[in-house]
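Chemist: One file: target_38.txt (compact mmCIF, C-alpha atoms and all ligand atoms).
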# COMPACT_ATOMS: atom_id res chain seq x y z
CA MET E 1 18.13 -62.24 -45.02
CA ARG E 2 20.15 -61.38 -41.92
CA GLY E 3 21.82 -58.41 -43.65
CA LEU E 4 18.44 -57.12 -44.80
CA ALA E 5 17.04 -57.28 -41.23
CA LYS E 6 20.03 -55.28 -39.96
CA VAL E 7 19.51 -52.59 -42.59
CA LYS E 8 15.83 -52.36 -41.54
CA ILE E 9 16.75 -51.90 -37.87
CA VAL E 10 19.34 -49.22 -38.69
CA LYS E 11 16.78 -47.43 -40.90
CA ARG E 12 14.21 -47.48 -38.10
CA LEU E 13 16.74 -46.15 -35.62
CA LEU E 14 17.70 -43.35 -37.99
CA VAL E 15 14.05 -42.39 -38.55
CA THR E 16 13.41 -42.39 -34.78
CA LEU E 17 16.52 -40.30 -34.08
CA THR E 18 15.67 -37.78 -36.80
CA THR E 19 12.10 -37.45 -35.50
CA VAL E 20 13.32 -36.84 -31.94
CA LEU E 21 15.90 -34.31 -33.20
CA ILE E 22 13.27 -32.40 -35.21
CA GLY E 23 11.09 -32.33 -32.08
CA VAL E 24 13.94 -30.96 -29.96
CA VAL E 25 14.70 -28.25 -32.56
CA ILE E 26 11.02 -27.18 -32.78
CA VAL E 27 10.56 -27.05 -28.98
CA SER E 28 13.81 -25.08 -28.53
CA ALA E 29 12.89 -22.65 -31.30
CA VAL E 30 9.45 -22.02 -29.75
CA GLY E 31 11.08 -21.59 -26.32
CA ILE E 32 13.72 -19.15 -27.58
CA PHE E 33 11.12 -17.19 -29.56
CA SER E 34 8.75 -16.74 -26.60
CA TRP E 35 11.64 -15.87 -24.27
CA TRP E 36 12.73 -13.17 -26.73
CA ASN E 37 9.19 -12.02 -27.54
CA GLU E 38 8.24 -11.65 -23.86
CA ARG E 39 11.50 -10.01 -22.76
CA PRO E 40 11.09 -7.21 -20.22
CA PRO E 41 11.29 -3.59 -21.41
CA ALA E 42 14.68 -1.82 -21.35
CA VAL E 43 15.82 -0.80 -17.86
CA LEU E 44 15.18 2.83 -16.92
CA LYS E 45 17.78 3.95 -14.36
CA ALA E 46 17.45 6.83 -11.92
CA GLU E 47 20.37 9.22 -12.43
CA VAL E 48 22.32 10.53 -9.42
CA VAL E 49 22.23 14.33 -9.71
CA GLY E 50 23.77 15.37 -6.37
CA THR E 51 23.01 14.96 -2.68
CA LEU E 52 19.97 15.72 -0.53
CA GLU E 53 19.72 16.57 3.18
CA THR E 54 17.31 14.05 4.77
CA PRO E 55 16.38 12.95 8.34
CA GLN E 56 18.92 10.14 7.71
CA GLY E 57 21.65 12.65 6.90
CA GLU E 58 23.00 13.72 3.54
CA LEU E 59 22.28 11.06 0.91
CA PRO E 60 22.99 10.69 -2.79
CA HIS E 61 20.02 12.13 -4.71
CA ALA E 62 18.78 10.38 -7.83
CA THR E 63 15.94 11.39 -10.13
CA LEU E 64 13.68 9.67 -12.62
CA GLU E 65 10.82 10.87 -14.82
CA LEU E 66 7.80 8.82 -15.89
CA GLY E 67 4.92 9.79 -18.15
CA ILE E 68 1.46 8.22 -17.96
CA TYR E 69 -0.43 8.27 -21.25
CA PRO E 70 -4.09 7.34 -21.86
CA SER E 71 -3.35 5.33 -25.03
CA PRO E 72 -0.61 4.69 -27.61
CA SER E 73 -0.35 7.13 -30.53
CA GLY E 74 1.92 8.15 -33.37
CA LYS E 75 3.66 10.45 -30.89
CA VAL E 76 4.13 7.95 -28.02
CA ALA E 77 4.26 4.38 -29.30
CA GLY E 78 3.57 2.69 -25.97
CA PRO E 79 5.05 -0.56 -24.63
CA ARG E 80 5.70 -3.34 -27.13
CA THR E 81 3.16 -6.13 -27.29
CA VAL E 82 3.68 -9.86 -27.84
CA SER E 83 1.08 -10.28 -30.61
CA SER E 84 -1.14 -8.29 -32.95
CA LEU E 85 -4.15 -9.50 -30.94
CA GLN E 86 -2.63 -7.96 -27.79
CA SER E 87 -1.87 -4.72 -29.69
CA GLU E 88 -5.53 -4.63 -30.72
CA LEU E 89 -6.80 -5.28 -27.15
CA LEU E 90 -4.52 -2.62 -25.64
CA SER E 91 -4.82 -0.01 -28.41
CA ALA E 92 -6.90 2.33 -26.22
CA GLN E 93 -5.37 1.46 -22.83
CA PRO E 94 -3.13 3.56 -20.56
CA PHE E 95 0.54 2.94 -19.80
CA PHE E 96 3.61 4.25 -17.98
CA TRP E 97 6.41 5.52 -20.24
CA PRO E 98 9.24 5.16 -21.30
CA SER E 99 9.67 1.95 -19.28
CA SER E 100 8.09 -0.06 -16.48
CA ASN E 101 11.41 -1.74 -15.68
CA LEU E 102 12.98 0.63 -13.14
CA GLU E 103 16.31 0.69 -11.34
CA LEU E 104 17.14 2.87 -8.31
CA PRO E 105 20.36 3.27 -6.29
CA ALA E 106 20.34 1.74 -2.78
CA ASN E 107 20.43 3.91 0.38
CA SER E 108 19.66 7.07 -1.57
CA ALA E 109 17.03 9.78 -1.76
CA VAL E 110 15.08 9.29 -4.99
CA THR E 111 12.73 11.79 -6.59
CA ILE E 112 10.33 10.52 -9.23
CA THR E 113 8.51 13.06 -11.35
CA PHE E 114 5.27 11.83 -12.92
CA LEU E 115 3.57 13.61 -15.80
CA GLN E 116 -0.01 12.42 -16.18
CA PHE E 117 -1.55 13.10 -19.60
CA GLY E 118 -4.90 11.26 -19.35
CA GLY E 119 -8.43 12.53 -18.70
CA PRO E 120 -11.07 11.36 -16.17
CA MET E 121 -11.81 7.62 -15.85
CA GLY E 122 -14.02 7.18 -12.77
CA GLN E 123 -12.80 7.00 -9.20
CA ILE E 124 -10.61 4.79 -7.05
CA TYR E 125 -12.39 1.97 -5.15
CA ASN E 126 -10.16 2.06 -2.06
CA GLU E 127 -9.44 5.48 -0.55
CA TYR E 128 -6.21 4.22 1.02
CA PHE E 129 -4.63 4.41 -2.42
CA ALA E 130 -5.66 8.06 -2.76
CA GLU E 131 -3.20 8.83 0.06
CA VAL E 132 0.57 9.25 -0.15
CA HIS E 133 2.42 6.46 1.68
CA GLY E 134 6.14 5.87 2.07
CA SER E 135 7.47 9.23 0.90
CA LEU E 136 10.16 11.19 2.77
CA ASP E 137 7.73 13.33 4.81
CA GLY E 138 4.40 11.72 3.87
CA THR E 139 3.77 14.28 1.15
CA MET E 140 4.12 14.70 -2.58
CA LYS E 141 4.10 17.82 -4.73
CA TRP E 142 1.07 18.16 -6.98
CA ASN E 143 1.66 20.89 -9.56
CA GLY E 144 4.13 22.43 -7.12
CA LYS E 145 1.81 22.26 -4.07
CA SER E 146 2.58 19.93 -1.14
CA VAL E 147 -0.27 17.44 -0.45
CA LYS E 148 -0.75 14.26 1.63
CA ARG E 149 -3.68 12.85 -0.31
CA LEU E 150 -6.02 13.40 -3.22
CA LYS E 151 -9.80 13.13 -3.17
CA PRO E 152 -10.81 9.67 -4.47
CA THR E 153 -12.47 11.44 -7.41
CA GLU E 154 -9.20 13.20 -8.26
CA VAL E 155 -7.18 9.98 -8.71
CA THR E 156 -6.74 8.32 -12.09
CA HIS E 157 -3.73 6.00 -11.52
CA THR E 158 -1.37 5.12 -8.70
CA PHE E 159 2.28 4.14 -8.58
CA THR E 160 2.37 1.51 -5.84
CA VAL E 161 5.54 -0.41 -4.99
CA TYR E 162 5.46 -3.71 -3.08
CA GLN E 163 7.95 -6.28 -1.98
CA TYR E 164 7.72 -9.98 -2.67
CA PRO E 165 6.25 -11.31 0.59
CA GLU E 166 8.41 -14.46 0.65
CA SER E 167 11.74 -12.66 0.56
CA ASN E 168 13.89 -11.34 3.41
CA GLN E 169 14.95 -8.14 1.66
CA PRO E 170 14.25 -4.71 3.20
CA GLU E 171 10.58 -3.76 3.42
CA PHE E 172 9.55 -1.24 0.80
CA PHE E 173 6.10 0.21 0.34
CA LEU E 174 5.33 3.34 -1.60
CA ASN E 175 1.98 4.64 -2.83
CA VAL E 176 1.70 7.70 -5.03
CA PRO E 177 -1.79 8.74 -6.19
CA LEU E 178 -1.73 10.33 -9.64
CA PRO E 179 -4.31 13.03 -10.43
CA ILE E 180 -6.73 13.26 -13.35
CA ASN E 181 -6.96 16.01 -15.89
CA SER E 182 -10.47 17.46 -15.71
CA ALA E 183 -13.04 16.81 -18.43
CA THR E 184 -12.54 20.41 -19.60
CA ALA E 185 -8.72 20.22 -19.73
CA LYS E 186 -7.21 21.10 -23.11
CA MET E 187 -6.18 17.92 -24.98
CA ASP E 188 -4.05 17.61 -28.11
CA LYS E 189 -5.10 15.58 -31.17
CA ASP E 190 -3.74 12.37 -29.57
CA GLY E 191 -5.93 12.90 -26.48
CA TYR E 192 -2.98 13.95 -24.28
CA ALA E 193 -3.35 16.87 -21.87
CA VAL E 194 -1.54 19.95 -23.19
CA GLU E 195 -0.58 20.78 -19.59
CA PRO E 196 -0.19 17.38 -17.85
CA GLN E 197 -0.64 16.92 -14.09
CA LYS E 198 2.79 16.98 -12.46
CA VAL E 199 3.57 14.97 -9.33
CA GLU E 200 6.96 14.87 -7.62
CA VAL E 201 7.62 12.43 -4.81
CA THR E 202 10.83 11.85 -2.84
CA PHE E 203 11.58 8.73 -0.79
CA ILE E 204 14.58 6.90 0.63
CA THR E 205 15.71 3.51 -0.62
CA GLY E 206 17.21 0.87 1.69
CA ASP E 207 19.61 -1.94 0.91
CA PRO E 208 19.37 -3.67 -2.49
CA GLY E 209 16.19 -5.60 -3.26
CA SER E 210 13.74 -6.64 -5.99
CA TYR E 211 10.23 -5.23 -5.94
CA VAL E 212 7.19 -5.01 -8.15
CA TRP E 213 4.92 -2.04 -8.71
CA ASN E 214 1.37 -1.73 -9.93
CA CYS E 215 -1.32 0.81 -10.55
CA GLN E 216 -4.18 0.37 -8.05
CA PHE E 217 -6.75 2.36 -9.99
CA PRO E 218 -9.23 0.30 -12.06
CA CYS E 219 -7.97 1.82 -15.33
CA GLY E 220 -7.95 -1.32 -17.51
CA ASP E 221 -10.91 -3.31 -18.80
CA MET E 222 -12.76 -6.56 -17.93
CA TYR E 223 -12.60 -7.96 -14.33
CA GLN E 224 -13.96 -4.71 -12.84
CA GLU E 225 -11.43 -2.81 -14.99
CA PHE E 226 -8.50 -4.72 -13.49
CA GLY E 227 -7.82 -6.60 -16.77
CA GLY E 228 -6.20 -5.30 -19.97
CA ALA E 229 -3.44 -2.79 -19.21
CA MET E 230 -3.82 -3.52 -15.47
CA GLN E 231 -2.73 -7.13 -15.88
CA THR E 232 -0.09 -6.57 -18.54
CA ARG E 233 3.51 -6.16 -17.51
CA GLY E 234 4.99 -3.06 -19.09
CA TRP E 235 1.66 -1.16 -19.07
CA MET E 236 0.25 -0.62 -15.57
CA GLY E 237 2.81 -2.65 -13.69
CA GLY E 238 6.47 -3.55 -13.72
CA THR E 239 9.55 -4.20 -11.66
CA LEU E 240 11.73 -2.03 -9.47
CA GLN E 241 15.27 -3.04 -8.62
CA VAL E 242 17.19 -1.31 -5.86
CA VAL E 243 20.87 -1.86 -6.62
CA ALA E 244 24.13 -1.20 -4.77
CU CU N 301 -3.62 2.82 -13.99
In structure tokens, what does this structure look like?
Modeler:
Amino acid sequence: MRGLAKVKIVKRLLVTLTTVLIGVVIVSAVGIFSWWNERPPAVLKAEVVGTLETPQGELPHATLELGIYPSPSGKVAGPRTVSSLQSELLSAQPFFWPSSNLELPANSAVTITFLQFGGPMGQIYNEYFAEVHGSLDGTMKWNGKSVKRLKPTEVTHTFTVYQYPESNQPEFFLNVPLPINSATAKMDKDGYAVEPQKVEVTFITGDPGSYVWNCQFPCGDMYQEFGGAMQTRGWMGGTLQVVA
């Protein structure tokens, strides 16, 4: 009898242990899968191309190019999604390309060139974001012409960089309004402007820091158009690292 009781206890222990182990394996697998599935897009680094004379003296000059597309297509796949439901929801939503995960050199002059391929989508709610803020001389080049602001009706996205408010890294604020293509602009079969709007903006980075950027134009859907692409990392928002 005693031997039989012992065997029963050992059996129970084994069953309990196995159950716990299976649980641990399942939870870890789910964790690893979602970590991998929700990984940030590949880093897009600004390339140093020379030096630039600035009010702060001669600085290394780095450049970066970003496209803004009105929706994914066979030509431009768009950011990866975490599920087929998300792909469905974002299938007609705009995005920055080729990455929203940006890296810039510290204490440098940086020029970002934006090519905006989308058509009209309404107008910006807050005129502040139709102005250029934080660039080298308060201007940007719009199709080669120097401007300080757009009309609210001319804006279709913005590239707006913030800092995390809780951190003690250098302050960094940049707002670049991005212009629409008119309703009569020539579009290709994917709905992309044949001659996209070109914006070039130059600014100076400080010491290293981690920042986020967002579009401030209501270009998504739901929540007054601030849902969809607007709330999805990799589409209308991302990160910006300034590195030494
Ligand atoms: Cu946008």
Chemist: Expressed in Å to a single decimal, how great is the separation between CA of Thr156 in chain E and CA of Pro120 in chain E?
Modeler: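 For CA of Thr156 in chain E relative to CA of Pro120 in chain E, the distance reads 6.7 Å.
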Chemist: Taking only C-alpha atoms and all ligand atoms into account, which residues have an atom no farther than 6 Å from ligand CU 301 (chain N)? I'd like them as number ranges by chain.
Modeler: E: 157, 215, 217, 219, 236
Chemist: In terms of the shortest atom-to-atom distance over all atoms listed in the file, which of E:Ala77, E:Met222, E:Leu136, E:Ala62 is closest to Phe95 in chain E?
Modeler: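 Closest to Phe95 in chain E of all the choices is E:Ala77.
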Chemist: Here is a test: counting all atoms listed in the file, which residue of E:Val161, E:Asn175, E:Lys148, E:Leu89 is nearest to Gly227 in chain E?
Modeler: E:Leu89
Chemist: Report, in Å to a single decimal, how far apart CA of Ser71 in chain E and CA of Leu90 in chain E are.
Modeler: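 CA of Ser71 in chain E lies at a distance of 8.1 Å from CA of Leu90 in chain E.
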Chemist: As an exercise, work out the distance from CA of Lys186 in chain E to CA of Thr232 in chain E in Å and give it to one decimal place.
Modeler: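 According to the coordinates, CA of Lys186 in chain E and CA of Thr232 in chain E are separated by 28.9 Å.
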Chemist: Using all atoms listed in the file for the distances, tell me which of E:Ser84, E:Ser28, E:Asn214, E:Ser73 is nearest to Phe96 in chain E.
Modeler: E:Asn214
Chemist: Can you pull out every residue within 8 Å of Pro40 in chain E, counting all atoms listed in the file, but drop anything in the same chain fewer than 2 positions away, and send it as a list of chain:residue names?
Modeler: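 Counting only the stated atoms, we get E:Glu38, E:Ala42, E:Asn101, E:Gly234.
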Chemist: Please identify all polymer residues within 8 Å of Trp142 in chain E, counting all atoms listed in the file, omitting same-chain residues fewer than 3 positions from it, and present them as a list in words.
Modeler: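 Selected residues are Lys145, Ser146, Val147, Gln197, Lys198, Val199 and Glu200 of chain E.
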Chemist: Using all atoms listed in the file, which of the listed residues (E:Trp36, E:Phe117, E:Trp213, E:Phe203) sits closest to Gly138 in chain E?
Modeler: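 Selected residue with least distance to Gly138 in chain E: E:Phe203.
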Chemist: Got a sec: who's within 10 Å of Glu131 in chain E, counting only C-alpha atoms, leaving out chain neighbours fewer than 6 positions off, as a list in words?
Modeler: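 Result of the neighbour search: Gly138, Thr139, Met140, Val147, Lys148, Arg149, Leu150, Lys151, Pro152, Val155, Thr158, Asn175, Val176, Pro177 and Leu178 of chain E.
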Chemist: Pick out the residues sitting within 12 Å of Ala106 in chain E, and hand them over as a list in words; count all atoms listed in the file, and ignore anything fewer than 3 positions along from it in its own chain.
Modeler: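 Skipping anything fewer than 3 positions along the chain leaves Ala46, Val48, Leu59, Pro60, His61, Ala62, Glu103, Ala109, Val110, Pro170, Phe172, Phe203, Ile204, Thr205, Gly206, Asp207, Pro208, Gly209, Ser210, Leu240, Gln241, Val242, Val243 and Ala244 of chain E.
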Chemist: Would you mind telling me which residue in E:Pro98, E:Gly67, E:Gly237, E:Gly191 lies nearest to Gln216 in chain E when using all atoms listed in the file?
Modeler: E:Gly237
Chemist: Could you put an axis-aligned box around every listed atom of range 149-161 of chain E, padded by 5 Å on each side, and send me its centre and edge lengths in Å to one decimal, as JSON?
Modeler:
{"center_x": -3.5, "center_y": 6.5, "center_z": -6.2, "size_x": 28.0, "size_y": 23.8, "size_z": 21.8}
Chemist: From the list E:Val82, E:Gly238, E:Ile9, E:Leu21, which residue is nearest Phe33 in chain E when using all atoms listed in the file?
Modeler: E:Val82
Chemist: What's around Ala185 in chain E at 8 Å? Count all atoms listed in the file, leave out sequence neighbours fewer than 6 positions away in its own chain, and write the answer as JSON, numbers by chain.
Modeler: {"E": [119, 193, 194]}
Chemist: Could you write range 122-140 of chain E as a short mmCIF file (atom, residue, chain, number, x, y, z; two decimals), keeping the file's coordinate frame, with N, CA and C atoms rebuilt where they are missing?
Modeler:
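Listing of selection23.cif after writing:
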data_model
loop_
_atom_site.label_atom_id
_atom_site.label_comp_id
_atom_site.auth_asym_id
_atom_site.auth_seq_id
_atom_site.Cartn_x
_atom_site.Cartn_y
_atom_site.Cartn_z
N GLY E 122 -13.28 7.78 -13.88
CA GLY E 122 -14.02 7.18 -12.77
C GLY E 122 -13.37 7.55 -11.47
N GLN E 123 -13.46 6.68 -10.47
CA GLN E 123 -12.80 7.00 -9.20
C GLN E 123 -12.23 5.74 -8.57
N ILE E 124 -11.30 5.94 -7.64
CA ILE E 124 -10.61 4.79 -7.05
C ILE E 124 -11.55 4.09 -6.07
N TYR E 125 -11.48 2.74 -6.01
CA TYR E 125 -12.39 1.97 -5.15
C TYR E 125 -11.98 2.06 -3.68
N ASN E 126 -10.66 2.10 -3.44
CA ASN E 126 -10.16 2.06 -2.06
C ASN E 126 -9.43 3.37 -1.76
N GLU E 127 -9.98 4.14 -0.82
CA GLU E 127 -9.44 5.48 -0.55
C GLU E 127 -8.00 5.47 -0.04
N TYR E 128 -7.59 4.34 0.52
CA TYR E 128 -6.21 4.22 1.02
C TYR E 128 -5.22 4.59 -0.08
N PHE E 129 -5.54 4.18 -1.31
CA PHE E 129 -4.63 4.41 -2.42
C PHE E 129 -4.73 5.82 -2.99
N ALA E 130 -5.62 6.65 -2.40
CA ALA E 130 -5.66 8.06 -2.76
C ALA E 130 -4.71 8.86 -1.87
N GLU E 131 -4.13 8.17 -0.86
CA GLU E 131 -3.20 8.83 0.06
C GLU E 131 -1.75 8.56 -0.34
N VAL E 132 -0.86 9.47 0.08
CA VAL E 132 0.57 9.25 -0.15
C VAL E 132 1.11 8.39 0.99
N HIS E 133 1.80 7.31 0.66
CA HIS E 133 2.42 6.46 1.68
C HIS E 133 3.87 6.19 1.30
N GLY E 134 4.75 6.29 2.29
CA GLY E 134 6.14 5.87 2.07
C GLY E 134 7.07 6.95 1.54
N SER E 135 6.57 8.19 1.39
CA SER E 135 7.47 9.23 0.90
C SER E 135 8.25 9.81 2.08
N LEU E 136 9.23 10.66 1.77
CA LEU E 136 10.16 11.19 2.77
C LEU E 136 9.43 11.81 3.97
N ASP E 137 8.44 12.68 3.71
CA ASP E 137 7.73 13.33 4.81
C ASP E 137 6.22 13.10 4.70
N GLY E 138 5.83 12.04 4.00
CA GLY E 138 4.40 11.72 3.87
C GLY E 138 3.67 12.61 2.88
N THR E 139 4.43 13.40 2.12
CA THR E 139 3.77 14.28 1.15
C THR E 139 4.29 14.02 -0.26
N MET E 140 3.61 14.62 -1.21
CA MET E 140 4.12 14.70 -2.58
C MET E 140 3.79 16.10 -3.07
#
